[in-house]
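Structure record follows, encoded as structure tokens.
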Amino acid sequence: MLFKQQALLRQKLFVLGSLAIGSLLYLVARVGSLDRLQPLCPIDGRFGPRGQDEIPLRALQFKRGLLHEFRKGNATKEQIRLHNLVQQLPKAIIIGVRKGGTRALLEMLNLHPAVVKASQEIHFFDNDENYAKGTEWYRKKMPFSYPHQITIEKSPAYFITEEVPERIYKMNSSIKLLIIVREPTTRAISDYTQVLEGKERKNKTYYKFEKLAIDPNTCEVNTKYKAVRTSIYTKHLERWLKYFPIEQFHIVDGDRLITEPLPELQLVEKFLNLPPRISQYNLYFNATRGFYCLRFNIVFNKCLAGSKGRIHPEVDTSVITKLRKFFHPFNQKFYQITGRTFNWP
Ligand code: A3P
């Protein structure tokens with residue numbers, strides 16, 4: 001009798017346990033699917049009262065859901081027609097600077113419900129072969145979006161490539177241009193570190209940074225070294241200014257984007273005439289990575305790939321001093337032109 005009661009109790013406990021696990025699994029699945037199918041509720045909920053410049057809920061609804069699927073190429077023609085999705089030319093481009101934090105900036109702006117990013121670097125304007133394919137080819141490379149959303153792409157090579165300003169101007173003379181800069185010497189070392197890693201991956205040897213950055217014959221800064229030239233921001237910007245007025249550029253402080261991203265992003269929202277939607281909730285510091293990571297909603301968050309935030313090699317202090325002295329007058333000119341001053345040494 002006792003044995004029978006115990007067996008019955010065990011059976012009841014089993015049924016209850018299964019029910020509890022089942023409910024839990026259902027809840028997890030529901031929350032998981034929220035990321036793909038539901039509005040950006042946790043973020044949207046904190047938006048506060050809706051103003052006239054609000055993004056319609058429909059856009060939020062599909063921002064992380066269907067649009068995501070569509071961008072992966074899973075959209076049927078019917079779905080595109082049904083949701084009135086379009087592939088739009090970018091309204092803003094992150095034109096550089098390489099290693100300035102261009103990926104972080106693009107990914108962080110993509111937190112905004114009205115922004116849709118082109119995931120890959122398209123290299124349309126700097127690559128002659130791509131450019132020859134025409135603007136329609138470029139547009140078709142863009143992600144699907146709602147007509148009221150803006151598309152942003154980033155290709156850091158644009159900033160330093162001679163032909164690009166004119167080509168972009170011909171496509172859209174009122175386009176908004178974003179440039180993210182870092183202290184020039186640090187940026188040059190970061191640039192070197194990326195190339196070094198590539199060489200090491202192929203089991204190749206490479207010169208030390210000092211050897212590349214300083215001309216051994218003159219002991220002066222080697223201005224032929226690309227990593228050095230790219231950091232002379234003012235020289236490149238001056239070429240762009242032949243086509244676009246300074247008001248069409250916004251300079252992002254890449255060093256501050258690392259330590260304190262939100263105020264930098266808020267300045268970009270303003271520049272792009274977007275309602276402020278990115279908040280501290282969307283950005284959390286990940287101590288293991290040593291960087292801010294992105295929180296889209298309660299279940300979806302991500303950090304940038306490991307290739308962002310490499311450890312730089314030690315560089316001789318005398319070389320650093322020499323480089324900083326070299327960049328100094330160019331930096332002053334850059335501050336003067338852009339109206340944005342940095343505490344670069
Ligand atoms: P380092 O690798 O030198 O640290 P880009 O995307 O233009 O190649 O820039 C890469 C740089 O972005 C990295 O340079 C890193 O410092 C910076 N960065 C800025 N915010 C970051 C973030 N949240 N996560 C990772 N890297 C970030």
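Naming scheme: A, B, ... for chains in displayed order of the structure tokens; residues 1 onward per chain; ligands 1 onward as shown.
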7 Å from ligand 1 is the threshold here; counting only C-alpha atoms and all ligand atoms, which polymer residues fall inside it? Answer as a PyMOL selection string.
chain A and resi 97-104+187+190+254+257-258+291-293+303-304+307-312
Identify which of the residues A:Leu109, A:Ala157, A:Val195, A:Ile232 lies closest to A:Ile122, counting only C-alpha atoms when measuring atom-to-atom distances.
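Nearest candidate to A:Ile122 out of A:Leu109, A:Ala157, A:Val195, A:Ile232: A:Ala157.
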Quote the spacing between atom CA of A:Ile214 and atom CA of A:Ile320 in Å to one decimal place.
10.3 Å
Could you pull out the residues in stretch 104-343 of chain A that DSSP calls strand (DSSP E or B) from the backbone, as a PDB file with N, CA and C atoms, in the first residue's frame?
```pdb
ATOM      1  N   VAL A 115      17.844  53.537 -37.955  1.00  0.00           N
ATOM      2  CA  VAL A 115      19.072  53.335 -38.729  1.00  0.00           C
ATOM      3  C   VAL A 115      19.179  51.873 -39.153  1.00  0.00           C
ATOM      4  N   VAL A 116      19.570  51.688 -40.386  1.00  0.00           N
ATOM      5  CA  VAL A 116      19.829  50.339 -40.886  1.00  0.00           C
ATOM      6  C   VAL A 116      21.242  50.346 -41.450  1.00  0.00           C
ATOM      7  N   LYS A 117      22.029  49.394 -41.038  1.00  0.00           N
ATOM      8  CA  LYS A 117      23.440  49.391 -41.481  1.00  0.00           C
ATOM      9  C   LYS A 117      23.673  48.412 -42.627  1.00  0.00           C
ATOM     10  N   PHE A 144      17.575  45.830 -46.714  1.00  0.00           N
ATOM     11  CA  PHE A 144      16.178  46.268 -46.814  1.00  0.00           C
ATOM     12  C   PHE A 144      15.851  47.175 -45.635  1.00  0.00           C
ATOM     13  N   SER A 145      14.995  48.153 -45.910  1.00  0.00           N
ATOM     14  CA  SER A 145      14.592  49.064 -44.831  1.00  0.00           C
ATOM     15  C   SER A 145      13.216  49.614 -45.161  1.00  0.00           C
ATOM     16  N   ILE A 150      16.955  55.340 -42.327  1.00  0.00           N
ATOM     17  CA  ILE A 150      18.118  55.731 -43.118  1.00  0.00           C
ATOM     18  C   ILE A 150      19.148  54.602 -43.110  1.00  0.00           C
ATOM     19  N   THR A 151      19.787  54.472 -44.249  1.00  0.00           N
ATOM     20  CA  THR A 151      20.799  53.439 -44.406  1.00  0.00           C
ATOM     21  C   THR A 151      22.171  54.088 -44.223  1.00  0.00           C
ATOM     22  N   ILE A 152      23.040  53.378 -43.506  1.00  0.00           N
ATOM     23  CA  ILE A 152      24.409  53.875 -43.316  1.00  0.00           C
ATOM     24  C   ILE A 152      25.385  52.779 -43.712  1.00  0.00           C
ATOM     25  N   GLU A 153      26.403  53.166 -44.433  1.00  0.00           N
ATOM     26  CA  GLU A 153      27.464  52.193 -44.721  1.00  0.00           C
ATOM     27  C   GLU A 153      28.786  52.758 -44.249  1.00  0.00           C
ATOM     28  N   LYS A 154      29.769  51.883 -44.083  1.00  0.00           N
ATOM     29  CA  LYS A 154      31.112  52.361 -43.728  1.00  0.00           C
ATOM     30  C   LYS A 154      32.149  51.647 -44.571  1.00  0.00           C
ATOM     31  N   LYS A 176      25.474  63.036 -45.754  1.00  0.00           N
ATOM     32  CA  LYS A 176      26.157  63.363 -44.491  1.00  0.00           C
ATOM     33  C   LYS A 176      27.359  62.440 -44.329  1.00  0.00           C
ATOM     34  N   LEU A 177      28.453  63.034 -43.902  1.00  0.00           N
ATOM     35  CA  LEU A 177      29.705  62.279 -43.851  1.00  0.00           C
ATOM     36  C   LEU A 177      30.239  62.217 -42.424  1.00  0.00           C
ATOM     37  N   LEU A 178      30.496  61.019 -41.978  1.00  0.00           N
ATOM     38  CA  LEU A 178      30.995  60.822 -40.613  1.00  0.00           C
ATOM     39  C   LEU A 178      32.464  60.395 -40.655  1.00  0.00           C
ATOM     40  N   ILE A 179      33.259  61.065 -39.843  1.00  0.00           N
ATOM     41  CA  ILE A 179      34.680  60.700 -39.744  1.00  0.00           C
ATOM     42  C   ILE A 179      34.982  60.447 -38.277  1.00  0.00           C
ATOM     43  N   ILE A 180      35.473  59.265 -37.976  1.00  0.00           N
ATOM     44  CA  ILE A 180      35.843  58.966 -36.589  1.00  0.00           C
ATOM     45  C   ILE A 180      37.366  58.926 -36.503  1.00  0.00           C
ATOM     46  N   VAL A 181      37.890  59.732 -35.594  1.00  0.00           N
ATOM     47  CA  VAL A 181      39.352  59.851 -35.488  1.00  0.00           C
ATOM     48  C   VAL A 181      39.824  59.453 -34.088  1.00  0.00           C
ATOM     49  N   ILE A 214      59.980  55.445 -39.038  1.00  0.00           N
ATOM     50  CA  ILE A 214      61.103  56.397 -39.087  1.00  0.00           C
ATOM     51  C   ILE A 214      62.014  56.034 -40.262  1.00  0.00           C
ATOM     52  N   VAL A 221      60.427  61.306 -39.503  1.00  0.00           N
ATOM     53  CA  VAL A 221      59.208  60.502 -39.687  1.00  0.00           C
ATOM     54  C   VAL A 221      59.057  60.145 -41.171  1.00  0.00           C
ATOM     55  N   PHE A 249      30.084  67.407 -42.596  1.00  0.00           N
ATOM     56  CA  PHE A 249      30.904  66.404 -41.894  1.00  0.00           C
ATOM     57  C   PHE A 249      30.590  66.446 -40.411  1.00  0.00           C
ATOM     58  N   HIS A 250      30.679  65.288 -39.796  1.00  0.00           N
ATOM     59  CA  HIS A 250      30.657  65.257 -38.333  1.00  0.00           C
ATOM     60  C   HIS A 250      31.857  64.431 -37.879  1.00  0.00           C
ATOM     61  N   ILE A 251      32.604  65.029 -36.955  1.00  0.00           N
ATOM     62  CA  ILE A 251      33.802  64.348 -36.460  1.00  0.00           C
ATOM     63  C   ILE A 251      33.459  63.632 -35.154  1.00  0.00           C
ATOM     64  N   VAL A 252      33.735  62.346 -35.124  1.00  0.00           N
ATOM     65  CA  VAL A 252      33.490  61.552 -33.915  1.00  0.00           C
ATOM     66  C   VAL A 252      34.828  61.306 -33.214  1.00  0.00           C
ATOM     67  N   ASP A 253      34.813  61.482 -31.908  1.00  0.00           N
ATOM     68  CA  ASP A 253      36.024  61.241 -31.111  1.00  0.00           C
ATOM     69  C   ASP A 253      36.112  59.732 -30.819  1.00  0.00           C
ATOM     70  N   LEU A 283      24.119  50.129 -23.976  1.00  0.00           N
ATOM     71  CA  LEU A 283      25.579  49.997 -23.942  1.00  0.00           C
ATOM     72  C   LEU A 283      26.014  49.529 -22.560  1.00  0.00           C
ATOM     73  N   TYR A 284      26.696  48.451 -22.486  1.00  0.00           N
ATOM     74  CA  TYR A 284      27.175  47.984 -21.175  1.00  0.00           C
ATOM     75  C   TYR A 284      28.642  47.633 -21.275  1.00  0.00           C
ATOM     76  N   PHE A 285      29.364  47.921 -20.206  1.00  0.00           N
ATOM     77  CA  PHE A 285      30.798  47.672 -20.222  1.00  0.00           C
ATOM     78  C   PHE A 285      31.060  46.207 -19.915  1.00  0.00           C
ATOM     79  N   ASN A 286      31.843  45.572 -20.777  1.00  0.00           N
ATOM     80  CA  ASN A 286      32.192  44.168 -20.575  1.00  0.00           C
ATOM     81  C   ASN A 286      33.648  44.117 -20.119  1.00  0.00           C
ATOM     82  N   PHE A 291      35.787  46.566 -23.253  1.00  0.00           N
ATOM     83  CA  PHE A 291      35.100  47.528 -24.127  1.00  0.00           C
ATOM     84  C   PHE A 291      33.602  47.530 -23.822  1.00  0.00           C
ATOM     85  N   TYR A 292      32.957  48.567 -24.315  1.00  0.00           N
ATOM     86  CA  TYR A 292      31.501  48.582 -24.244  1.00  0.00           C
ATOM     87  C   TYR A 292      30.954  47.597 -25.281  1.00  0.00           C
ATOM     88  N   CYS A 293      29.890  46.927 -24.900  1.00  0.00           N
ATOM     89  CA  CYS A 293      29.210  46.021 -25.826  1.00  0.00           C
ATOM     90  C   CYS A 293      27.789  46.549 -26.029  1.00  0.00           C
ATOM     91  N   LEU A 294      27.065  45.917 -26.931  1.00  0.00           N
ATOM     92  CA  LEU A 294      25.756  46.447 -27.350  1.00  0.00           C
ATOM     93  C   LEU A 294      24.613  45.589 -26.834  1.00  0.00           C
ATOM     94  N   ARG A 295      23.613  46.256 -26.288  1.00  0.00           N
ATOM     95  CA  ARG A 295      22.415  45.547 -25.842  1.00  0.00           C
ATOM     96  C   ARG A 295      21.234  46.056 -26.661  1.00  0.00           C
ATOM     97  N   ASN A 301      22.251  40.688 -27.096  1.00  0.00           N
ATOM     98  CA  ASN A 301      23.364  41.634 -26.937  1.00  0.00           C
ATOM     99  C   ASN A 301      24.596  41.058 -27.611  1.00  0.00           C
ATOM    100  N   LYS A 302      25.532  41.934 -27.915  1.00  0.00           N
ATOM    101  CA  LYS A 302      26.749  41.440 -28.554  1.00  0.00           C
ATOM    102  C   LYS A 302      27.920  42.390 -28.342  1.00  0.00           C
TER     103      LYS A 302
END
```
As a check of understanding: the span from atom CA of A:Pro156 to atom CA of A:Asp126 is 9.7 Å
Have a look at atom CA of A:Leu111 and atom CA of A:Ile298 and let me know their distance in Å, one decimal.
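We find that atom CA of A:Leu111 and atom CA of A:Ile298 lie 13.3 Å from each other.
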List as an MDAnalysis selection string the protein and nucleic acid residues near A:His112, meaning an atom at most 10 Å away when only C-alpha atoms are counted, but skip any in the same chain fewer than 4 places from it.
chainID A and resid 43 60 63 107:108 116 149 265 269 274:279 282 296
Considering only C-alpha atoms, return as an mmCIF file with N, CA, C and O atoms, in the first residue's frame whatever protein or nucleic-acid residues lie within 12 Å of A:Tyr233, sequence-local ones (same chain, fewer than 3 positions apart) excluded.
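Just written: part-v2.cif:
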```cif
data_model
loop_
_atom_site.group_PDB
_atom_site.id
_atom_site.type_symbol
_atom_site.label_atom_id
_atom_site.label_comp_id
_atom_site.auth_asym_id
_atom_site.auth_seq_id
_atom_site.Cartn_x
_atom_site.Cartn_y
_atom_site.Cartn_z
ATOM 1 N N GLY A 96 35.643 57.062 -42.736
ATOM 2 C CA GLY A 96 36.921 56.708 -42.109
ATOM 3 C C GLY A 96 36.900 57.161 -40.670
ATOM 4 O O GLY A 96 35.848 57.564 -40.174
ATOM 5 N N VAL A 97 38.036 57.081 -40.025
ATOM 6 C CA VAL A 97 39.328 56.697 -40.523
ATOM 7 C C VAL A 97 39.597 55.243 -40.113
ATOM 8 O O VAL A 97 39.194 54.849 -39.006
ATOM 9 N N ARG A 98 40.255 54.515 -40.954
ATOM 10 C CA ARG A 98 40.633 53.141 -40.634
ATOM 11 C C ARG A 98 41.245 53.078 -39.233
ATOM 12 O O ARG A 98 42.085 53.911 -38.883
ATOM 13 N N GLY A 100 39.907 53.865 -36.573
ATOM 14 C CA GLY A 100 39.410 54.938 -35.699
ATOM 15 C C GLY A 100 38.289 54.463 -34.786
ATOM 16 O O GLY A 100 37.930 55.132 -33.816
ATOM 17 N N PHE A 159 38.103 57.576 -47.012
ATOM 18 C CA PHE A 159 38.702 58.824 -46.508
ATOM 19 C C PHE A 159 40.017 59.161 -47.209
ATOM 20 O O PHE A 159 40.298 60.328 -47.473
ATOM 21 N N ILE A 160 40.808 58.147 -47.519
ATOM 22 C CA ILE A 160 42.156 58.417 -48.037
ATOM 23 C C ILE A 160 42.271 58.210 -49.549
ATOM 24 O O ILE A 160 43.327 58.400 -50.123
ATOM 25 N N ILE A 179 33.259 61.065 -39.843
ATOM 26 C CA ILE A 179 34.680 60.700 -39.744
ATOM 27 C C ILE A 179 34.982 60.447 -38.277
ATOM 28 O O ILE A 179 34.769 61.329 -37.435
ATOM 29 N N ILE A 180 35.473 59.265 -37.976
ATOM 30 C CA ILE A 180 35.843 58.966 -36.589
ATOM 31 C C ILE A 180 37.366 58.926 -36.503
ATOM 32 O O ILE A 180 38.019 58.213 -37.257
ATOM 33 N N VAL A 181 37.890 59.732 -35.594
ATOM 34 C CA VAL A 181 39.352 59.851 -35.488
ATOM 35 C C VAL A 181 39.824 59.453 -34.088
ATOM 36 O O VAL A 181 39.066 59.532 -33.121
ATOM 37 N N ARG A 182 41.065 59.026 -34.051
ATOM 38 C CA ARG A 182 41.705 58.728 -32.763
ATOM 39 C C ARG A 182 43.019 59.486 -32.718
ATOM 40 O O ARG A 182 43.511 59.948 -33.746
ATOM 41 N N GLU A 183 43.609 59.571 -31.564
ATOM 42 C CA GLU A 183 44.915 60.223 -31.455
ATOM 43 C C GLU A 183 45.801 59.608 -32.551
ATOM 44 O O GLU A 183 45.908 58.378 -32.651
ATOM 45 N N PRO A 184 46.390 60.449 -33.431
ATOM 46 C CA PRO A 184 47.008 59.942 -34.651
ATOM 47 C C PRO A 184 48.102 58.882 -34.479
ATOM 48 O O PRO A 184 48.176 57.939 -35.268
ATOM 49 N N THR A 185 48.930 59.024 -33.434
ATOM 50 C CA THR A 185 50.006 58.030 -33.242
ATOM 51 C C THR A 185 49.409 56.683 -32.822
ATOM 52 O O THR A 185 49.811 55.637 -33.346
ATOM 53 N N ARG A 187 46.475 55.628 -33.505
ATOM 54 C CA ARG A 187 45.798 55.073 -34.687
ATOM 55 C C ARG A 187 46.806 54.404 -35.623
ATOM 56 O O ARG A 187 46.563 53.313 -36.140
ATOM 57 N N ALA A 188 47.971 55.067 -35.805
ATOM 58 C CA ALA A 188 48.985 54.501 -36.691
ATOM 59 C C ALA A 188 49.482 53.155 -36.144
ATOM 60 O O ALA A 188 49.675 52.193 -36.905
ATOM 61 N N ALA A 227 50.570 54.044 -42.786
ATOM 62 C CA ALA A 227 49.965 54.224 -41.457
ATOM 63 C C ALA A 227 50.211 55.640 -40.932
ATOM 64 O O ALA A 227 49.387 56.193 -40.197
ATOM 65 N N VAL A 228 51.348 56.222 -41.319
ATOM 66 C CA VAL A 228 51.637 57.607 -40.918
ATOM 67 C C VAL A 228 50.783 58.562 -41.746
ATOM 68 O O VAL A 228 50.109 59.452 -41.213
ATOM 69 N N ARG A 229 50.760 58.338 -43.056
ATOM 70 C CA ARG A 229 50.013 59.256 -43.947
ATOM 71 C C ARG A 229 48.532 59.306 -43.601
ATOM 72 O O ARG A 229 47.904 60.369 -43.620
ATOM 73 N N THR A 230 47.979 58.138 -43.284
ATOM 74 C CA THR A 230 46.537 58.096 -42.968
ATOM 75 C C THR A 230 46.218 58.955 -41.744
ATOM 76 O O THR A 230 45.136 59.536 -41.645
ATOM 77 N N HIS A 236 43.859 64.830 -45.749
ATOM 78 C CA HIS A 236 42.770 64.116 -46.439
ATOM 79 C C HIS A 236 41.493 64.944 -46.429
ATOM 80 O O HIS A 236 40.818 65.066 -47.448
ATOM 81 N N LEU A 237 41.208 65.516 -45.262
ATOM 82 C CA LEU A 237 39.976 66.309 -45.138
ATOM 83 C C LEU A 237 39.968 67.469 -46.140
ATOM 84 O O LEU A 237 38.932 67.775 -46.737
ATOM 85 N N GLU A 238 41.117 68.078 -46.323
ATOM 86 C CA GLU A 238 41.188 69.222 -47.248
ATOM 87 C C GLU A 238 40.764 68.818 -48.670
ATOM 88 O O GLU A 238 40.149 69.604 -49.392
ATOM 89 N N ARG A 239 41.081 67.604 -49.057
ATOM 90 C CA ARG A 239 40.650 67.126 -50.389
ATOM 91 C C ARG A 239 39.127 67.025 -50.442
ATOM 92 O O ARG A 239 38.498 67.376 -51.436
ATOM 93 N N TRP A 240 38.547 66.548 -49.349
ATOM 94 C CA TRP A 240 37.087 66.409 -49.289
ATOM 95 C C TRP A 240 36.396 67.765 -49.333
ATOM 96 O O TRP A 240 35.299 67.903 -49.886
ATOM 97 N N ILE A 251 32.604 65.029 -36.955
ATOM 98 C CA ILE A 251 33.802 64.348 -36.460
ATOM 99 C C ILE A 251 33.459 63.632 -35.154
ATOM 100 O O ILE A 251 32.949 64.251 -34.216
ATOM 101 N N PHE A 327 52.926 65.058 -35.867
ATOM 102 C CA PHE A 327 51.484 65.236 -36.130
ATOM 103 C C PHE A 327 50.948 66.555 -35.575
ATOM 104 O O PHE A 327 49.912 67.039 -36.034
ATOM 105 N N HIS A 328 51.641 67.106 -34.578
ATOM 106 C CA HIS A 328 51.103 68.267 -33.846
ATOM 107 C C HIS A 328 50.561 69.392 -34.759
ATOM 108 O O HIS A 328 49.391 69.772 -34.621
ATOM 109 N N PRO A 329 51.386 69.922 -35.706
ATOM 110 C CA PRO A 329 50.847 71.039 -36.521
ATOM 111 C C PRO A 329 49.656 70.619 -37.385
ATOM 112 O O PRO A 329 48.724 71.407 -37.588
ATOM 113 N N PHE A 330 49.677 69.401 -37.863
ATOM 114 C CA PHE A 330 48.542 68.911 -38.670
ATOM 115 C C PHE A 330 47.287 68.818 -37.808
ATOM 116 O O PHE A 330 46.184 69.145 -38.256
ATOM 117 N N ASN A 331 47.483 68.396 -36.561
ATOM 118 C CA ASN A 331 46.334 68.301 -35.645
ATOM 119 C C ASN A 331 45.720 69.676 -35.392
ATOM 120 O O ASN A 331 44.496 69.827 -35.378
ATOM 121 N N GLN A 332 46.604 70.661 -35.195
ATOM 122 C CA GLN A 332 46.123 72.024 -34.936
ATOM 123 C C GLN A 332 45.246 72.505 -36.093
ATOM 124 O O GLN A 332 44.186 73.082 -35.902
ATOM 125 N N LYS A 333 45.707 72.225 -37.299
ATOM 126 C CA LYS A 333 44.966 72.627 -38.489
ATOM 127 C C LYS A 333 43.616 71.890 -38.546
ATOM 128 O O LYS A 333 42.586 72.477 -38.894
ATOM 129 N N PHE A 334 43.669 70.626 -38.185
ATOM 130 C CA PHE A 334 42.455 69.801 -38.183
ATOM 131 C C PHE A 334 41.427 70.370 -37.193
ATOM 132 O O PHE A 334 40.242 70.485 -37.511
ATOM 133 N N TYR A 335 41.894 70.776 -36.006
ATOM 134 C CA TYR A 335 40.987 71.360 -35.004
ATOM 135 C C TYR A 335 40.358 72.647 -35.560
ATOM 136 O O TYR A 335 39.171 72.898 -35.403
ATOM 137 N N ILE A 337 39.952 73.595 -38.691
ATOM 138 C CA ILE A 337 38.999 73.380 -39.792
ATOM 139 C C ILE A 337 37.679 72.804 -39.282
ATOM 140 O O ILE A 337 36.603 73.217 -39.699
ATOM 141 N N THR A 338 37.784 71.833 -38.380
ATOM 142 C CA THR A 338 36.576 71.107 -37.987
ATOM 143 C C THR A 338 35.829 71.785 -36.840
ATOM 144 O O THR A 338 34.651 71.492 -36.607
#
```
Hey, which of A:Phe271, A:Lys208, A:Thr341, A:Gln87 ends up closest to A:Glu136? Count only C-alpha atoms.
A:Gln87
Any idea what's packed within 12 Å of A:Asp316, counting only C-alpha atoms, ignoring anything in its chain fewer than 2 positions away? Could you give it as an mmCIF file with N, CA and C atoms, in the first residue's frame?
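Wrote selection.cif, looks like this:
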```cif
data_model
loop_
_atom_site.group_PDB
_atom_site.id
_atom_site.type_symbol
_atom_site.label_atom_id
_atom_site.label_comp_id
_atom_site.auth_asym_id
_atom_site.auth_seq_id
_atom_site.Cartn_x
_atom_site.Cartn_y
_atom_site.Cartn_z
ATOM 1 N N ILE A 189 49.657 53.080 -34.823
ATOM 2 C CA ILE A 189 50.124 51.814 -34.218
ATOM 3 C C ILE A 189 49.040 50.737 -34.352
ATOM 4 N N LYS A 208 59.586 45.931 -37.602
ATOM 5 C CA LYS A 208 59.071 46.547 -36.379
ATOM 6 C C LYS A 208 58.449 47.891 -36.771
ATOM 7 N N PHE A 209 57.517 48.357 -35.971
ATOM 8 C CA PHE A 209 56.846 49.620 -36.260
ATOM 9 C C PHE A 209 57.864 50.758 -36.390
ATOM 10 N N GLU A 210 58.831 50.765 -35.486
ATOM 11 C CA GLU A 210 59.834 51.832 -35.455
ATOM 12 C C GLU A 210 60.548 51.943 -36.795
ATOM 13 N N LYS A 211 60.834 50.789 -37.381
ATOM 14 C CA LYS A 211 61.587 50.759 -38.639
ATOM 15 C C LYS A 211 60.759 51.329 -39.798
ATOM 16 N N ALA A 213 58.091 53.481 -39.387
ATOM 17 C CA ALA A 213 57.626 54.853 -39.122
ATOM 18 C C ALA A 213 58.729 55.889 -39.211
ATOM 19 N N ILE A 214 59.980 55.445 -39.038
ATOM 20 C CA ILE A 214 61.103 56.397 -39.087
ATOM 21 C C ILE A 214 62.014 56.034 -40.262
ATOM 22 N N PRO A 313 51.721 46.371 -29.931
ATOM 23 C CA PRO A 313 53.093 46.089 -29.487
ATOM 24 C C PRO A 313 53.704 47.321 -28.801
ATOM 25 N N GLU A 314 54.667 47.076 -27.963
ATOM 26 C CA GLU A 314 55.396 48.189 -27.306
ATOM 27 C C GLU A 314 56.156 48.952 -28.371
ATOM 28 N N SER A 318 60.873 57.155 -27.812
ATOM 29 C CA SER A 318 61.433 58.269 -28.598
ATOM 30 C C SER A 318 60.722 58.350 -29.963
ATOM 31 N N VAL A 319 60.317 57.197 -30.472
ATOM 32 C CA VAL A 319 59.586 57.177 -31.753
ATOM 33 C C VAL A 319 58.187 57.770 -31.553
ATOM 34 N N ILE A 320 57.580 57.417 -30.451
ATOM 35 C CA ILE A 320 56.245 57.966 -30.160
ATOM 36 C C ILE A 320 56.340 59.491 -30.036
ATOM 37 N N THR A 321 57.346 59.948 -29.320
ATOM 38 C CA THR A 321 57.526 61.398 -29.139
ATOM 39 C C THR A 321 57.727 62.080 -30.492
ATOM 40 N N LYS A 322 58.557 61.460 -31.315
ATOM 41 C CA LYS A 322 58.845 62.035 -32.644
ATOM 42 C C LYS A 322 57.566 62.107 -33.485
ATOM 43 N N LEU A 323 56.793 61.052 -33.439
ATOM 44 C CA LEU A 323 55.547 61.026 -34.221
ATOM 45 C C LEU A 323 54.571 62.085 -33.711
#
```
Per-residue DSSP, stretch 44-238 of chain A, filtered to alpha helix (DSSP H), as a compact mmCIF listing (two decimals) with C-alpha atoms, in the first residue's frame:
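So part-v9.txt came out as:
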```
# COMPACT_ATOMS: atom_id res chain seq x y z
CA ASP A 44 10.93 51.19 -26.91
CA LEU A 57 6.05 51.42 -34.32
CA ARG A 58 6.00 49.35 -37.50
CA ALA A 59 9.64 50.18 -38.04
CA LEU A 60 10.58 49.10 -34.55
CA GLN A 61 8.57 45.98 -34.96
CA PHE A 62 10.64 44.72 -37.80
CA LYS A 63 13.93 46.25 -36.92
CA LEU A 66 11.87 40.46 -40.19
CA LEU A 67 14.39 43.01 -41.39
CA HIS A 68 17.12 40.89 -39.88
CA GLU A 69 15.86 37.87 -41.77
CA PHE A 70 15.52 39.89 -44.96
CA ARG A 71 19.07 41.13 -44.67
CA LYS A 77 9.24 39.01 -53.05
CA GLU A 78 5.84 38.78 -51.42
CA GLN A 79 7.20 39.75 -47.99
CA ILE A 80 9.10 42.70 -49.44
CA ARG A 81 5.96 43.91 -51.20
CA LEU A 82 3.77 43.27 -48.17
CA THR A 102 34.51 52.70 -37.62
CA ARG A 103 32.97 49.29 -36.89
CA ALA A 104 32.04 50.22 -33.33
CA LEU A 105 30.43 53.44 -34.57
CA LEU A 106 28.39 51.68 -37.25
CA GLU A 107 27.23 48.92 -34.91
CA MET A 108 26.32 51.39 -32.18
CA LEU A 109 24.37 53.62 -34.57
CA ASP A 128 37.28 51.16 -59.75
CA GLU A 129 35.85 47.78 -60.67
CA ASN A 130 32.95 48.17 -58.25
CA TYR A 131 32.41 51.79 -59.20
CA THR A 135 24.88 53.23 -58.58
CA GLU A 136 22.18 50.59 -59.04
CA TRP A 137 24.69 47.89 -58.15
CA TYR A 138 25.60 49.90 -55.05
CA ARG A 139 21.96 50.33 -54.06
CA LYS A 140 21.33 46.62 -54.44
CA VAL A 164 36.16 59.17 -53.67
CA PRO A 165 34.96 62.69 -52.73
CA GLU A 166 34.05 63.54 -56.32
CA ARG A 167 32.32 60.20 -56.84
CA ILE A 168 30.23 60.54 -53.69
CA TYR A 169 29.41 64.13 -54.59
CA LYS A 170 28.14 63.00 -57.99
CA MET A 171 25.83 60.48 -56.32
CA PRO A 184 47.01 59.94 -34.65
CA THR A 185 50.01 58.03 -33.24
CA THR A 186 47.80 55.47 -31.49
CA ARG A 187 45.80 55.07 -34.69
CA ALA A 188 48.99 54.50 -36.69
CA ILE A 189 50.12 51.81 -34.22
CA SER A 190 46.69 50.21 -34.36
CA ASP A 191 46.93 50.21 -38.17
CA TYR A 192 50.38 48.59 -37.96
CA THR A 193 49.07 46.00 -35.47
CA GLN A 194 46.35 44.93 -37.88
CA VAL A 195 48.83 44.45 -40.73
CA LEU A 196 51.26 42.67 -38.40
CA GLU A 197 48.55 40.24 -37.34
CA GLY A 198 47.81 39.47 -40.99
CA LYS A 199 51.47 38.75 -41.65
CA GLU A 200 51.75 36.54 -38.61
CA ARG A 201 48.70 34.60 -39.65
CA PHE A 209 56.85 49.62 -36.26
CA GLU A 210 59.83 51.83 -35.45
CA LYS A 211 61.59 50.76 -38.64
CA LEU A 212 58.59 51.60 -40.80
CA ALA A 213 57.63 54.85 -39.12
CA LYS A 226 50.79 54.52 -45.16
CA ALA A 227 49.96 54.22 -41.46
CA VAL A 228 51.64 57.61 -40.92
CA ARG A 229 50.01 59.26 -43.95
CA THR A 230 46.54 58.10 -42.97
CA TYR A 233 43.81 63.82 -41.05
CA THR A 234 43.84 67.41 -42.22
CA LYS A 235 45.52 66.55 -45.53
CA HIS A 236 42.77 64.12 -46.44
CA LEU A 237 39.98 66.31 -45.14
CA GLU A 238 41.19 69.22 -47.25
```
